[in-house]
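Visitor: Sending over final07.pdb (PDB, C-alpha atoms).
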ATOM      1  CA  MET A 232      -5.037  35.055  24.598
ATOM      2  CA  SER A 233      -2.003  36.010  22.507
ATOM      3  CA  SER A 234      -2.326  37.904  19.239
ATOM      4  CA  HIS A 235      -1.129  34.763  17.431
ATOM      5  CA  GLU A 236      -3.906  32.645  18.949
ATOM      6  CA  ALA A 237      -6.480  35.327  18.196
ATOM      7  CA  THR A 238      -5.689  35.268  14.469
ATOM      8  CA  ARG A 239      -5.655  31.501  14.035
ATOM      9  CA  PRO A 240      -8.435  30.455  11.657
ATOM     10  CA  THR A 241     -11.350  28.471  12.983
ATOM     11  CA  PRO A 242     -10.892  24.842  11.935
ATOM     12  CA  PRO A 243     -13.666  23.229   9.894
ATOM     13  CA  ASP A 244     -16.188  21.218  11.880
ATOM     14  CA  ARG A 245     -15.470  17.565  11.092
ATOM     15  CA  GLY A 246     -18.017  16.231  13.553
ATOM     16  CA  GLY A 247     -20.250  14.967  10.781
ATOM     17  CA  LEU A 248     -17.663  12.512   9.448
ATOM     18  CA  SER A 249     -18.412   8.876  10.200
ATOM     19  CA  THR A 250     -14.835   8.407  11.433
ATOM     20  CA  GLU A 251     -15.301  11.211  13.993
ATOM     21  CA  LYS A 252     -18.690  10.264  15.397
ATOM     22  CA  ARG A 253     -19.155   8.604  18.759
ATOM     23  CA  ASN A 254     -19.749   4.878  18.655
ATOM     24  CA  PRO A 255     -23.026   4.087  20.471
ATOM     25  CA  ARG A 256     -21.674   0.649  21.411
ATOM     26  CA  THR A 257     -18.669   2.005  23.319
ATOM     27  CA  LEU A 258     -20.030   4.844  25.437
ATOM     28  CA  ASP A 259     -18.924   3.292  28.733
ATOM     29  CA  LEU A 260     -15.328   2.280  27.994
ATOM     30  CA  HIS A 261     -13.974   3.870  31.155
ATOM     31  CA  THR A 262     -16.088   1.529  33.313
ATOM     32  CA  ARG A 263     -15.098  -1.721  31.600
ATOM     33  CA  SER A 264     -12.664  -4.427  32.667
ATOM     34  CA  VAL A 265      -9.649  -5.499  30.654
ATOM     35  CA  GLY A 266     -11.496  -8.574  29.415
ATOM     36  CA  ASP A 267     -14.483  -6.485  28.374
ATOM     37  CA  LEU A 268     -12.269  -4.051  26.467
ATOM     38  CA  VAL A 269     -10.509  -6.841  24.579
ATOM     39  CA  THR A 270     -13.913  -8.259  23.601
ATOM     40  CA  ILE A 271     -15.291  -4.860  22.575
ATOM     41  CA  ILE A 272     -12.294  -3.977  20.392
ATOM     42  CA  ASN A 273     -12.369  -7.407  18.747
ATOM     43  CA  ARG A 274     -16.098  -7.046  18.087
ATOM     44  CA  GLU A 275     -15.655  -3.664  16.445
ATOM     45  CA  ASP A 276     -12.798  -4.952  14.294
ATOM     46  CA  ARG A 277     -15.305  -7.218  12.561
ATOM     47  CA  ASP A 278     -16.436  -4.130  10.631
ATOM     48  CA  VAL A 279     -13.101  -4.096   8.788
ATOM     49  CA  PRO A 280     -13.480  -7.119   6.464
ATOM     50  CA  LEU A 281     -17.052  -6.035   5.725
ATOM     51  CA  ALA A 282     -15.778  -2.610   4.679
ATOM     52  CA  LEU A 283     -13.241  -4.225   2.327
ATOM     53  CA  LYS A 284     -15.916  -6.478   0.855
ATOM     54  CA  ARG A 285     -18.236  -3.532   0.182
ATOM     55  CA  ALA A 286     -15.373  -1.648  -1.472
ATOM     56  CA  GLY A 287     -14.380  -4.618  -3.623
ATOM     57  CA  ALA A 288     -15.863  -3.326  -6.881
ATOM     58  CA  ARG A 289     -14.212   0.094  -6.511
ATOM     59  CA  LEU A 290     -10.867  -1.491  -5.606
ATOM     60  CA  THR A 291     -11.140  -3.684  -8.687
ATOM     61  CA  ARG A 292     -11.815  -0.707 -10.964
ATOM     62  CA  LEU A 293      -8.905   1.207  -9.454
ATOM     63  CA  ILE A 294      -6.412  -1.638  -9.860
ATOM     64  CA  GLU A 295      -7.590  -2.377 -13.396
ATOM     65  CA  ALA A 296      -7.023   1.293 -14.248
ATOM     66  CA  MET A 297      -3.554   1.235 -12.647
ATOM     67  CA  GLU A 298      -2.415  -2.015 -14.253
ATOM     68  CA  PRO A 299      -1.474  -0.840 -17.782
ATOM     69  CA  GLY A 300       0.663   2.000 -16.451
ATOM     70  CA  PHE A 301       2.310  -0.160 -13.806
ATOM     71  CA  LEU A 302       3.172  -2.870 -16.329
ATOM     72  CA  ALA A 303       4.692  -0.156 -18.512
ATOM     73  CA  GLY A 304       7.047   0.837 -15.703
ATOM     74  CA  GLY A 305       4.845   3.275 -13.818
ATOM     75  CA  ARG A 306       4.950   3.847 -10.092
ATOM     76  CA  ILE A 307       2.579   3.653  -7.159
ATOM     77  CA  VAL A 308       2.891   6.838  -5.101
ATOM     78  CA  TYR A 309       1.188   6.934  -1.696
ATOM     79  CA  VAL A 310       0.692  10.306  -0.005
ATOM     80  CA  GLY A 311      -0.692  10.833   3.484
ATOM     81  CA  ALA A 312      -0.258  12.276   6.955
ATOM     82  CA  GLY A 313      -0.156  10.653  10.375
ATOM     83  CA  THR A 314      -1.307   7.031  10.463
ATOM     84  CA  SER A 315      -2.356   7.174   6.802
ATOM     85  CA  GLY A 316       1.085   8.372   5.729
ATOM     86  CA  ARG A 317       2.851   5.761   7.850
ATOM     87  CA  LEU A 318       0.788   2.983   6.297
ATOM     88  CA  GLY A 319       1.675   4.199   2.806
ATOM     89  CA  VAL A 320       5.380   4.285   3.645
ATOM     90  CA  LEU A 321       5.093   0.808   5.204
ATOM     91  CA  ASP A 322       3.542  -0.705   2.082
ATOM     92  CA  ALA A 323       6.150   0.988  -0.097
ATOM     93  CA  SER A 324       9.039  -0.224   2.067
ATOM     94  CA  GLU A 325       7.842  -3.837   1.980
ATOM     95  CA  ALA A 326       7.642  -4.073  -1.825
ATOM     96  CA  PRO A 327      11.398  -4.385  -2.594
ATOM     97  CA  PRO A 328      12.168  -7.297  -0.209
ATOM     98  CA  THR A 329       8.958  -9.148  -1.078
ATOM     99  CA  PHE A 330       8.881  -8.694  -4.835
ATOM    100  CA  HIS A 331      12.440  -7.580  -5.678
ATOM    101  CA  VAL A 332      11.269  -4.344  -7.286
ATOM    102  CA  PRO A 333      13.418  -1.210  -7.147
ATOM    103  CA  PRO A 334      12.382   1.079  -4.255
ATOM    104  CA  THR A 335      11.488   3.707  -6.855
ATOM    105  CA  ARG A 336       8.519   1.643  -8.101
ATOM    106  CA  VAL A 337       6.431   2.019  -4.927
ATOM    107  CA  VAL A 338       6.947   5.331  -3.131
ATOM    108  CA  GLY A 339       5.563   6.578   0.178
ATOM    109  CA  ILE A 340       5.400  10.302   0.958
ATOM    110  CA  ILE A 341       4.433  11.351   4.485
ATOM    111  CA  ALA A 342       3.707  14.807   5.898
ATOM    112  CA  GLY A 343       6.658  15.905   8.001
ATOM    113  CA  GLY A 344       9.126  13.632   6.186
ATOM    114  CA  ASP A 345      10.739  10.443   7.443
ATOM    115  CA  SER A 346      11.053  11.769  10.993
ATOM    116  CA  ALA A 347       7.233  11.652  11.176
ATOM    117  CA  LEU A 348       7.405   7.855  10.997
ATOM    118  CA  ARG A 349       8.550   7.768  14.624
ATOM    119  CA  ARG A 350       7.477  11.115  16.033
ATOM    120  CA  SER A 351       4.143  12.797  15.467
ATOM    121  CA  SER A 352       4.216  15.713  13.043
ATOM    122  CA  GLU A 353       0.491  16.259  12.766
ATOM    123  CA  GLY A 354       0.723  19.994  12.100
ATOM    124  CA  ALA A 355       2.291  19.278   8.710
ATOM    125  CA  GLU A 356      -0.963  17.761   7.461
ATOM    126  CA  ASP A 357      -2.617  21.200   7.227
ATOM    127  CA  ASP A 358      -0.371  22.348   4.361
ATOM    128  CA  PRO A 359      -2.014  21.558   0.994
ATOM    129  CA  THR A 360       1.275  22.202  -0.820
ATOM    130  CA  GLY A 361       3.392  20.189   1.605
ATOM    131  CA  SER A 362       3.822  17.218  -0.738
ATOM    132  CA  HIS A 363       4.497  19.233  -3.875
ATOM    133  CA  ALA A 364       8.290  19.347  -3.642
ATOM    134  CA  ALA A 365       8.521  15.581  -3.165
ATOM    135  CA  LEU A 366       6.111  14.994  -6.036
ATOM    136  CA  ALA A 367       8.052  17.375  -8.270
ATOM    137  CA  ASP A 368      11.233  15.389  -7.567
ATOM    138  CA  LEU A 369       9.489  12.279  -8.917
ATOM    139  CA  ALA A 370       8.755  13.890 -12.313
ATOM    140  CA  LEU A 371       5.397  12.149 -12.482
ATOM    141  CA  ASN A 372       4.148  10.759 -15.774
ATOM    142  CA  ALA A 373       0.974   9.242 -17.189
ATOM    143  CA  HIS A 374       2.012   5.705 -16.210
ATOM    144  CA  ASP A 375       2.092   6.600 -12.504
ATOM    145  CA  ALA A 376      -0.703   6.488  -9.937
ATOM    146  CA  VAL A 377      -0.939   8.882  -6.992
ATOM    147  CA  ILE A 378      -3.036   7.543  -4.121
ATOM    148  CA  ALA A 379      -3.940  10.046  -1.429
ATOM    149  CA  ILE A 380      -4.688   8.271   1.847
ATOM    150  CA  ALA A 381      -6.933  10.177   4.259
ATOM    151  CA  ALA A 382      -9.179   8.368   6.720
ATOM    152  CA  GLY A 383     -11.496  11.362   7.087
ATOM    153  CA  ALA A 384     -11.131  12.545   3.463
ATOM    154  CA  THR A 385     -10.334  16.111   4.524
ATOM    155  CA  THR A 386      -6.548  16.154   5.040
ATOM    156  CA  PRO A 387      -5.184  19.169   3.098
ATOM    157  CA  TYR A 388      -1.762  17.535   2.638
ATOM    158  CA  ALA A 389      -3.268  14.471   0.935
ATOM    159  CA  LEU A 390      -5.850  16.341  -1.128
ATOM    160  CA  GLY A 391      -3.181  18.812  -2.210
ATOM    161  CA  ALA A 392      -1.228  15.943  -3.737
ATOM    162  CA  LEU A 393      -4.193  15.112  -5.981
ATOM    163  CA  ALA A 394      -4.506  18.750  -7.001
ATOM    164  CA  TYR A 395      -0.796  18.855  -7.883
ATOM    165  CA  ALA A 396      -1.042  15.683  -9.955
ATOM    166  CA  LYS A 397      -3.967  16.973 -11.993
ATOM    167  CA  THR A 398      -3.307  20.697 -12.311
ATOM    168  CA  MET A 399       0.449  21.255 -12.061
ATOM    169  CA  ARG A 400       1.568  18.657 -14.566
ATOM    170  CA  PRO A 401       1.475  18.978 -18.376
ATOM    171  CA  GLU A 402      -1.679  17.498 -19.883
ATOM    172  CA  GLY A 403      -0.020  14.356 -21.246
ATOM    173  CA  SER A 404       1.933  13.551 -18.083
ATOM    174  CA  ARG A 405      -0.832  13.593 -15.507
ATOM    175  CA  PRO A 406      -0.939  10.400 -13.438
ATOM    176  CA  LEU A 407      -3.979   8.448 -12.381
ATOM    177  CA  THR A 408      -5.282   9.719  -9.043
ATOM    178  CA  CYS A 409      -7.245   8.109  -6.235
ATOM    179  CA  LEU A 410      -8.514   9.064  -2.795
ATOM    180  CA  LEU A 411      -8.522   6.157  -0.347
ATOM    181  CA  THR A 412     -10.703   7.077   2.625
ATOM    182  CA  CYS A 413     -12.807   5.610   5.410
ATOM    183  CA  ALA A 414     -15.417   8.394   5.485
ATOM    184  CA  ARG A 415     -18.548   8.498   3.379
ATOM    185  CA  LEU A 416     -18.527  11.510   1.048
ATOM    186  CA  ASP A 417     -21.423  13.528  -0.323
ATOM    187  CA  GLU A 418     -19.382  14.202  -3.437
ATOM    188  CA  PRO A 419     -15.889  13.174  -4.577
ATOM    189  CA  PRO A 420     -12.970  15.617  -4.457
ATOM    190  CA  PRO A 421     -12.437  17.347  -7.804
ATOM    191  CA  HIS A 422      -9.000  15.903  -8.591
ATOM    192  CA  ALA A 423      -9.616  12.208  -7.849
ATOM    193  CA  ASP A 424     -10.144   9.875 -10.800
ATOM    194  CA  HIS A 425     -11.148   7.167  -8.335
ATOM    195  CA  VAL A 426     -12.496   7.200  -4.790
ATOM    196  CA  VAL A 427     -12.318   4.050  -2.688
ATOM    197  CA  THR A 428     -14.314   4.307   0.525
ATOM    198  CA  LEU A 429     -13.761   1.799   3.310
ATOM    199  CA  ASN A 430     -16.784   2.485   5.482
ATOM    200  CA  THR A 431     -15.603   1.221   8.867
ATOM    201  CA  GLY A 432     -17.976   3.464  10.841
ATOM    202  CA  PRO A 433     -17.287   5.142  14.188
ATOM    203  CA  GLU A 434     -14.162   4.059  16.026
ATOM    204  CA  VAL A 435     -14.028   2.413  19.453
ATOM    205  CA  ILE A 436     -12.582   5.734  20.657
ATOM    206  CA  ALA A 437     -14.168   8.581  18.715
ATOM    207  CA  GLY A 438     -11.774   9.859  16.034
ATOM    208  CA  SER A 439      -8.987   7.339  16.720
ATOM    209  CA  THR A 440      -8.550   6.301  13.103
ATOM    210  CA  ARG A 441      -5.401   4.309  13.833
ATOM    211  CA  MET A 442      -7.853   1.569  14.829
ATOM    212  CA  LYS A 443     -10.525   0.261  12.417
ATOM    213  CA  ALA A 444      -9.784   2.817   9.707
ATOM    214  CA  GLY A 445      -6.055   2.125   9.929
ATOM    215  CA  THR A 446      -6.544  -1.636   9.769
ATOM    216  CA  ALA A 447      -8.851  -1.354   6.757
ATOM    217  CA  THR A 448      -6.410   0.983   5.028
ATOM    218  CA  LYS A 449      -3.528  -1.462   5.550
ATOM    219  CA  LEU A 450      -5.601  -4.264   4.019
ATOM    220  CA  ALA A 451      -6.561  -2.100   1.032
ATOM    221  CA  LEU A 452      -2.937  -1.125   0.358
ATOM    222  CA  ASN A 453      -1.918  -4.791   0.614
ATOM    223  CA  THR A 454      -4.590  -5.606  -1.952
ATOM    224  CA  ILE A 455      -3.534  -2.875  -4.384
ATOM    225  CA  SER A 456       0.212  -3.532  -4.366
ATOM    226  CA  THR A 457       0.016  -7.327  -4.151
ATOM    227  CA  THR A 458      -2.497  -7.600  -6.991
ATOM    228  CA  LEU A 459      -0.338  -5.444  -9.259
ATOM    229  CA  MET A 460       2.778  -7.456  -8.404
ATOM    230  CA  ILE A 461       0.980 -10.709  -9.225
ATOM    231  CA  ARG A 462      -0.278  -9.270 -12.516
ATOM    232  CA  ALA A 463       3.286  -8.166 -13.293
ATOM    233  CA  GLY A 464       4.512 -11.759 -13.021
ATOM    234  CA  ARG A 465       6.347 -11.367  -9.731
ATOM    235  CA  VAL A 466       4.385 -14.245  -8.199
ATOM    236  CA  HIS A 467       4.096 -17.768  -9.659
ATOM    237  CA  GLU A 468       1.304 -19.935  -8.298
ATOM    238  CA  ASN A 469       1.299 -18.478  -4.776
ATOM    239  CA  LEU A 470       5.070 -18.223  -4.396
ATOM    240  CA  MET A 471       7.197 -15.063  -4.300
ATOM    241  CA  VAL A 472       9.519 -16.229  -7.063
ATOM    242  CA  ASP A 473      11.161 -12.827  -7.468
ATOM    243  CA  LEU A 474      12.593 -13.198  -3.973
ATOM    244  CA  ARG A 475      16.271 -12.269  -3.627
ATOM    245  CA  ALA A 476      18.000 -14.414  -0.981
ATOM    246  CA  THR A 477      20.006 -11.853   0.962
ATOM    247  CA  ASN A 478      19.965 -13.374   4.464
ATOM    248  CA  ALA A 479      19.562 -16.759   6.168
ATOM    249  CA  LYS A 480      15.768 -16.595   6.368
ATOM    250  CA  LEU A 481      15.427 -15.630   2.722
ATOM    251  CA  ARG A 482      17.956 -18.294   1.594
ATOM    252  CA  ASP A 483      15.801 -20.866   3.352
ATOM    253  CA  ARG A 484      12.625 -19.532   1.745
ATOM    254  CA  ALA A 485      14.245 -19.347  -1.692
ATOM    255  CA  ALA A 486      15.467 -22.934  -1.396
ATOM    256  CA  ARG A 487      11.996 -24.128  -0.423
ATOM    257  CA  ILE A 488      10.460 -22.290  -3.393
ATOM    258  CA  VAL A 489      13.036 -23.769  -5.765
ATOM    259  CA  SER A 490      12.481 -27.250  -4.305
ATOM    260  CA  THR A 491       8.728 -26.903  -4.730
ATOM    261  CA  LEU A 492       8.922 -25.867  -8.376
ATOM    262  CA  THR A 493      11.810 -28.094  -9.467
ATOM    263  CA  GLY A 494      11.650 -31.179  -7.249
ATOM    264  CA  LEU A 495      15.270 -30.680  -6.178
ATOM    265  CA  PRO A 496      16.236 -31.723  -2.648
ATOM    266  CA  ARG A 497      16.939 -28.890  -0.205
ATOM    267  CA  ASP A 498      20.751 -29.032  -0.375
ATOM    268  CA  ALA A 499      20.757 -28.971  -4.173
ATOM    269  CA  ALA A 500      18.225 -26.139  -4.212
ATOM    270  CA  LEU A 501      20.351 -24.097  -1.808
ATOM    271  CA  ASP A 502      23.432 -24.660  -3.947
ATOM    272  CA  LEU A 503      21.560 -23.627  -7.096
ATOM    273  CA  VAL A 504      20.205 -20.466  -5.450
ATOM    274  CA  ASP A 505      23.719 -19.521  -4.354
ATOM    275  CA  ARG A 506      25.136 -20.139  -7.851
ATOM    276  CA  CYS A 507      22.415 -17.870  -9.241
ATOM    277  CA  GLY A 508      23.367 -14.988  -6.963
ATOM    278  CA  GLY A 509      20.380 -15.509  -4.675
ATOM    279  CA  GLU A 510      17.891 -14.991  -7.517
ATOM    280  CA  THR A 511      15.077 -17.479  -6.994
ATOM    281  CA  LYS A 512      13.441 -17.066 -10.401
ATOM    282  CA  THR A 513      16.791 -17.388 -12.159
ATOM    283  CA  ALA A 514      17.495 -20.625 -10.298
ATOM    284  CA  ILE A 515      14.143 -22.107 -11.343
ATOM    285  CA  VAL A 516      14.703 -21.268 -15.008
ATOM    286  CA  ALA A 517      18.317 -22.511 -14.939
ATOM    287  CA  HIS A 518      17.130 -25.899 -13.686
ATOM    288  CA  HIS A 519      14.089 -26.305 -15.933
ATOM    289  CA  ARG A 520      15.825 -25.163 -19.108
ATOM    290  CA  GLY A 521      19.211 -26.665 -18.295
ATOM    291  CA  VAL A 522      21.059 -23.384 -18.848
ATOM    292  CA  SER A 523      23.554 -21.194 -17.029
ATOM    293  CA  PRO A 524      22.411 -18.417 -14.667
ATOM    294  CA  THR A 525      23.400 -15.865 -17.320
ATOM    295  CA  ASP A 526      21.303 -17.563 -19.981
ATOM    296  CA  ALA A 527      18.429 -17.959 -17.518
ATOM    297  CA  ARG A 528      18.432 -14.210 -16.946
ATOM    298  CA  THR A 529      18.408 -13.617 -20.702
ATOM    299  CA  LEU A 530      15.381 -15.883 -21.096
ATOM    300  CA  LEU A 531      13.565 -14.072 -18.281
ATOM    301  CA  ASP A 532      14.370 -10.672 -19.764
ATOM    302  CA  ALA A 533      12.962 -11.758 -23.121
ATOM    303  CA  ALA A 534       9.756 -12.865 -21.374
ATOM    304  CA  HIS A 535       9.499  -9.599 -19.406
ATOM    305  CA  GLY A 536      10.282 -11.496 -16.217
ATOM    306  CA  ARG A 537       7.307 -13.860 -16.487
ATOM    307  CA  LEU A 538       8.289 -17.289 -15.205
ATOM    308  CA  ASP A 539       5.199 -18.941 -16.662
ATOM    309  CA  ALA A 540       6.149 -17.765 -20.152
ATOM    310  CA  VAL A 541       9.693 -19.150 -19.854
ATOM    311  CA  LEU A 542       8.562 -22.505 -18.457
ATOM    312  CA  ALA A 543       5.880 -22.850 -21.135
TER
END
As a first step, turn the structure in this file into structure tokens.

Guide:
Amino acid sequence: MSSHEATRPTPPDRGGLSTEKRNPRTLDLHTRSVGDLVTIINREDRDVPLALKRAGARLTRLIEAMEPGFLAGGRIVYVGAGTSGRLGVLDASEAPPTFHVPPTRVVGIIAGGDSALRRSSEGAEDDPTGSHAALADLALNAHDAVIAIAAGATTPYALGALAYAKTMRPEGSRPLTCLLTCARLDEPPPHADHVVTLNTGPEVIAGSTRMKAGTATKLALNTISTTLMIRAGRVHENLMVDLRATNAKLRDRAARIVSTLTGLPRDAALDLVDRCGGETKTAIVAHHRGVSPTDARTLLDAAHGRLDAVLA
């Protein structure tokens, strides 16, 4: 044993976490056929929607607490390592094309930086100050929300982000904080205003939280960001009216949305979308109010972007 190995600290025993325990229903995986394994994994995945349902009240309280700050221009900031970090970055990266929000409104910070999206950088998760530089660059304020994502609730990198948000910011500029986890906790971490637990239980393969825990986390992040975008007026009925038509697929979708809400035939809707610079919401207002794209944008700005208010 080298001197370096001899001085390495003993890691904490995480064997008691529900996400680390062995699943009594999958003790014989190595003996099973392909068909059996597909059935087993599918059966275990049924725990995921149940976990989201049980967490529904806590998710509601979290989103209700985030809403005033988000509507005032605040940001959603996801922080995590490994699978948890990748899921946060994924949700953040999908917000601009879906809801036409600036990429600064939903931010994903992952241990090891962007290179960790493709190549494992698991050692970076042990640094509780690892996210601090990225968080400092954001100049967090009281309208923001920092969500630490940690399946097992013990990741120093993620928990350190909560500590930074609550102890290294001036009193009046401390953001809302939340720990999103899949492990049951005896007591919440000291710097989390909210704790949302998605109790998915033991994984098919013990400790492989990219499976049930990862799926549940993805669904929870979808719920958080999508709900806030709807509340911010970036969805009308069930249509993504803030869509910006920047390619062939999105031009088609924008035209269909405009046709649905205006009654225009497809060709006319496409032409209107193009004349409005690809802005779906602008095209809808221009048609309904009989105004130019410029005036349609002015009307939307006055209504804080809410299509329902302009159409009313």

Visitor: With a cut-off of 7 Å, could you pull out the residues of stretch 290-343 of chain A touching stretch 470-473 of chain A and give me the nearest pair of atoms for each, distance in Å to one decimal, using all atoms listed in the file, ordered by chain and ascending number, as a tab-separated table?

Guide:
residue	atom	partner	partner_atom	distance
A:Thr329	CA	A:Met471	CA	7.0
A:Phe330	CA	A:Asp473	CA	5.4
A:His331	CA	A:Asp473	CA	5.7

Visitor: Would you write out, as CSV, a table of all residues in stretch 238-267 of chain A that have an atom no more than 12 Å from an atom of stretch 411-428 of chain A, listing for each the closest atom pair and the distance in Å to one decimal, considering all atoms listed in the file and ordering rows by chain and rising residue number?

Guide:
residue,atom,partner,partner_atom,distance
A:Arg245,CA,A:Ala414,CA,10.7
A:Gly246,CA,A:Ala414,CA,11.5
A:Gly247,CA,A:Ala414,CA,9.7
A:Leu248,CA,A:Ala414,CA,6.1
A:Ser249,CA,A:Ala414,CA,5.6
A:Thr250,CA,A:Ala414,CA,6.0
A:Glu251,CA,A:Ala414,CA,9.0
A:Lys252,CA,A:Ala414,CA,10.6

Visitor: For A:Arg465, which residue out of A:Asp267, A:Asp278, A:Asp539, A:Asp357 is the nearest one, using only C-alpha atoms?

Guide: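 Of the candidates, the smallest distance to A:Arg465 is held by A:Asp539.
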
Visitor: One number please: atom CA of A:Ile294 to atom CA of A:His363, in Å, one decimal.

Guide: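 Interatomic distance here is 24.3 Å.
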
Visitor: Using only C-alpha atoms and a cutoff of 12 Å, can you tell me which residues are near (17.0, -23.4, -16.4) in the file's coordinates, and write them out as an MDAnalysis selection string?

Guide: chainID A and resid 489 492:493 503:504 507 511:531 538 541:542

Visitor: Given the choices A:Leu429, A:Ala447, A:Val310, A:Leu481, which gets closest to A:Ala379 if the distance is worked out from only C-alpha atoms?

Guide: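 Between A:Leu429, A:Ala447, A:Val310, A:Leu481, the residue approaching A:Ala379 most closely is A:Val310.
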
Visitor: Since I can't run it myself right now, could you work out what the PyMOL selection byres ((chain A and resi 301) around 12) selects here and report it as an MDAnalysis selection string?

Guide: chainID A and resid 294:300 302:308 332 336:337 372:377 406:407 455:456 458:464

Visitor: Run the PyMOL selection byres ((chain A and resi 388-402) around 8) against the file shown and list the residues it catches, as JSON, numbers by chain.

Guide: {"A": [310, 311, 312, 342, 355, 356, 357, 358, 359, 360, 361, 362, 363, 366, 371, 377, 378, 379, 380, 381, 384, 385, 386, 387, 403, 404, 405, 406, 408, 409, 410, 420, 422, 423]}

Visitor: Just the selected residues (C-alpha atoms), exported as a CSV table (one decimal), in the coordinates of the input, please.

Guide:
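Generated file (out-v4.csv):
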chain,number,residue,atom,x,y,z
A,310,VAL,CA,0.7,10.3,0.0
A,311,GLY,CA,-0.7,10.8,3.5
A,312,ALA,CA,-0.3,12.3,7.0
A,342,ALA,CA,3.7,14.8,5.9
A,355,ALA,CA,2.3,19.3,8.7
A,356,GLU,CA,-1.0,17.8,7.5
A,357,ASP,CA,-2.6,21.2,7.2
A,358,ASP,CA,-0.4,22.3,4.4
A,359,PRO,CA,-2.0,21.6,1.0
A,360,THR,CA,1.3,22.2,-0.8
A,361,GLY,CA,3.4,20.2,1.6
A,362,SER,CA,3.8,17.2,-0.7
A,363,HIS,CA,4.5,19.2,-3.9
A,366,LEU,CA,6.1,15.0,-6.0
A,371,LEU,CA,5.4,12.1,-12.5
A,377,VAL,CA,-0.9,8.9,-7.0
A,378,ILE,CA,-3.0,7.5,-4.1
A,379,ALA,CA,-3.9,10.0,-1.4
A,380,ILE,CA,-4.7,8.3,1.8
A,381,ALA,CA,-6.9,10.2,4.3
A,384,ALA,CA,-11.1,12.5,3.5
A,385,THR,CA,-10.3,16.1,4.5
A,386,THR,CA,-6.5,16.2,5.0
A,387,PRO,CA,-5.2,19.2,3.1
A,403,GLY,CA,0.0,14.4,-21.2
A,404,SER,CA,1.9,13.6,-18.1
A,405,ARG,CA,-0.8,13.6,-15.5
A,406,PRO,CA,-0.9,10.4,-13.4
A,408,THR,CA,-5.3,9.7,-9.0
A,409,CYS,CA,-7.2,8.1,-6.2
A,410,LEU,CA,-8.5,9.1,-2.8
A,420,PRO,CA,-13.0,15.6,-4.5
A,422,HIS,CA,-9.0,15.9,-8.6
A,423,ALA,CA,-9.6,12.2,-7.8

Visitor: Just need the box for stretch 433-440 of chain A, edges along x, y and z, holding every atom the file lists for it with 6 Å tacked onto each side, so centre and edge lengths in Å to one decimal, as lines of an AutoDock Vina configuration file.

Guide:
center_x = -12.9
center_y = 6.1
center_z = 16.9
size_x = 20.7
size_y = 19.4
size_z = 19.6

Visitor: Name the residues that the PyMOL selection byres ((chain A and resi 272) around 12) picks from the file above, as a ChimeraX atom specification, using the file's chain letters and numbers.

Guide: /A:254,256-257,260,263,265-271,273-279,434-436,442-443

Visitor: Restricting it to C-alpha atoms, dump the selection as a compact mmCIF listing (two decimals), in the frame of the given file.

Guide:
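Here's the written file result10.txt:
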# COMPACT_ATOMS: atom_id res chain seq x y z
CA ASN A 254 -19.75 4.88 18.66
CA ARG A 256 -21.67 0.65 21.41
CA THR A 257 -18.67 2.00 23.32
CA LEU A 260 -15.33 2.28 27.99
CA ARG A 263 -15.10 -1.72 31.60
CA VAL A 265 -9.65 -5.50 30.65
CA GLY A 266 -11.50 -8.57 29.42
CA ASP A 267 -14.48 -6.48 28.37
CA LEU A 268 -12.27 -4.05 26.47
CA VAL A 269 -10.51 -6.84 24.58
CA THR A 270 -13.91 -8.26 23.60
CA ILE A 271 -15.29 -4.86 22.58
CA ASN A 273 -12.37 -7.41 18.75
CA ARG A 274 -16.10 -7.05 18.09
CA GLU A 275 -15.66 -3.66 16.44
CA ASP A 276 -12.80 -4.95 14.29
CA ARG A 277 -15.30 -7.22 12.56
CA ASP A 278 -16.44 -4.13 10.63
CA VAL A 279 -13.10 -4.10 8.79
CA GLU A 434 -14.16 4.06 16.03
CA VAL A 435 -14.03 2.41 19.45
CA ILE A 436 -12.58 5.73 20.66
CA MET A 442 -7.85 1.57 14.83
CA LYS A 443 -10.52 0.26 12.42

Visitor: Could you please determine the separation between atom CA of A:Leu501 and atom CA of A:Arg482 in Å, to one decimal place?

Guide: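 Going from atom CA of A:Leu501 over to atom CA of A:Arg482, I get 7.1 Å.
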
Visitor: Taking all atoms listed in the file into account, which of A:Ala382, A:Ala500, A:Tyr309, A:Arg475 comes nearest A:Gly438?

Guide: A:Ala382

Visitor: Could you state the separation of atom CA of A:Ala499 and atom CA of A:Asp483 in Å, given to one decimal place?

Guide: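 Here the two named atoms are 12.1 Å from each other.
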
Visitor: Go through A:His535, A:Lys449, A:Lys480, A:His467 and flag the residue nearest A:Ser315, using all atoms listed in the file for the distances.

Guide: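 Using all atoms listed in the file, the shortest distance to A:Ser315 belongs to A:Lys449.
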
Visitor: Using all atoms listed in the file, which of the listed residues (A:Glu325, A:Gly536, A:Leu474, A:Ile341) sits closest to A:Gly508?

Guide: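 Closest to A:Gly508, using all atoms listed in the file: A:Leu474.
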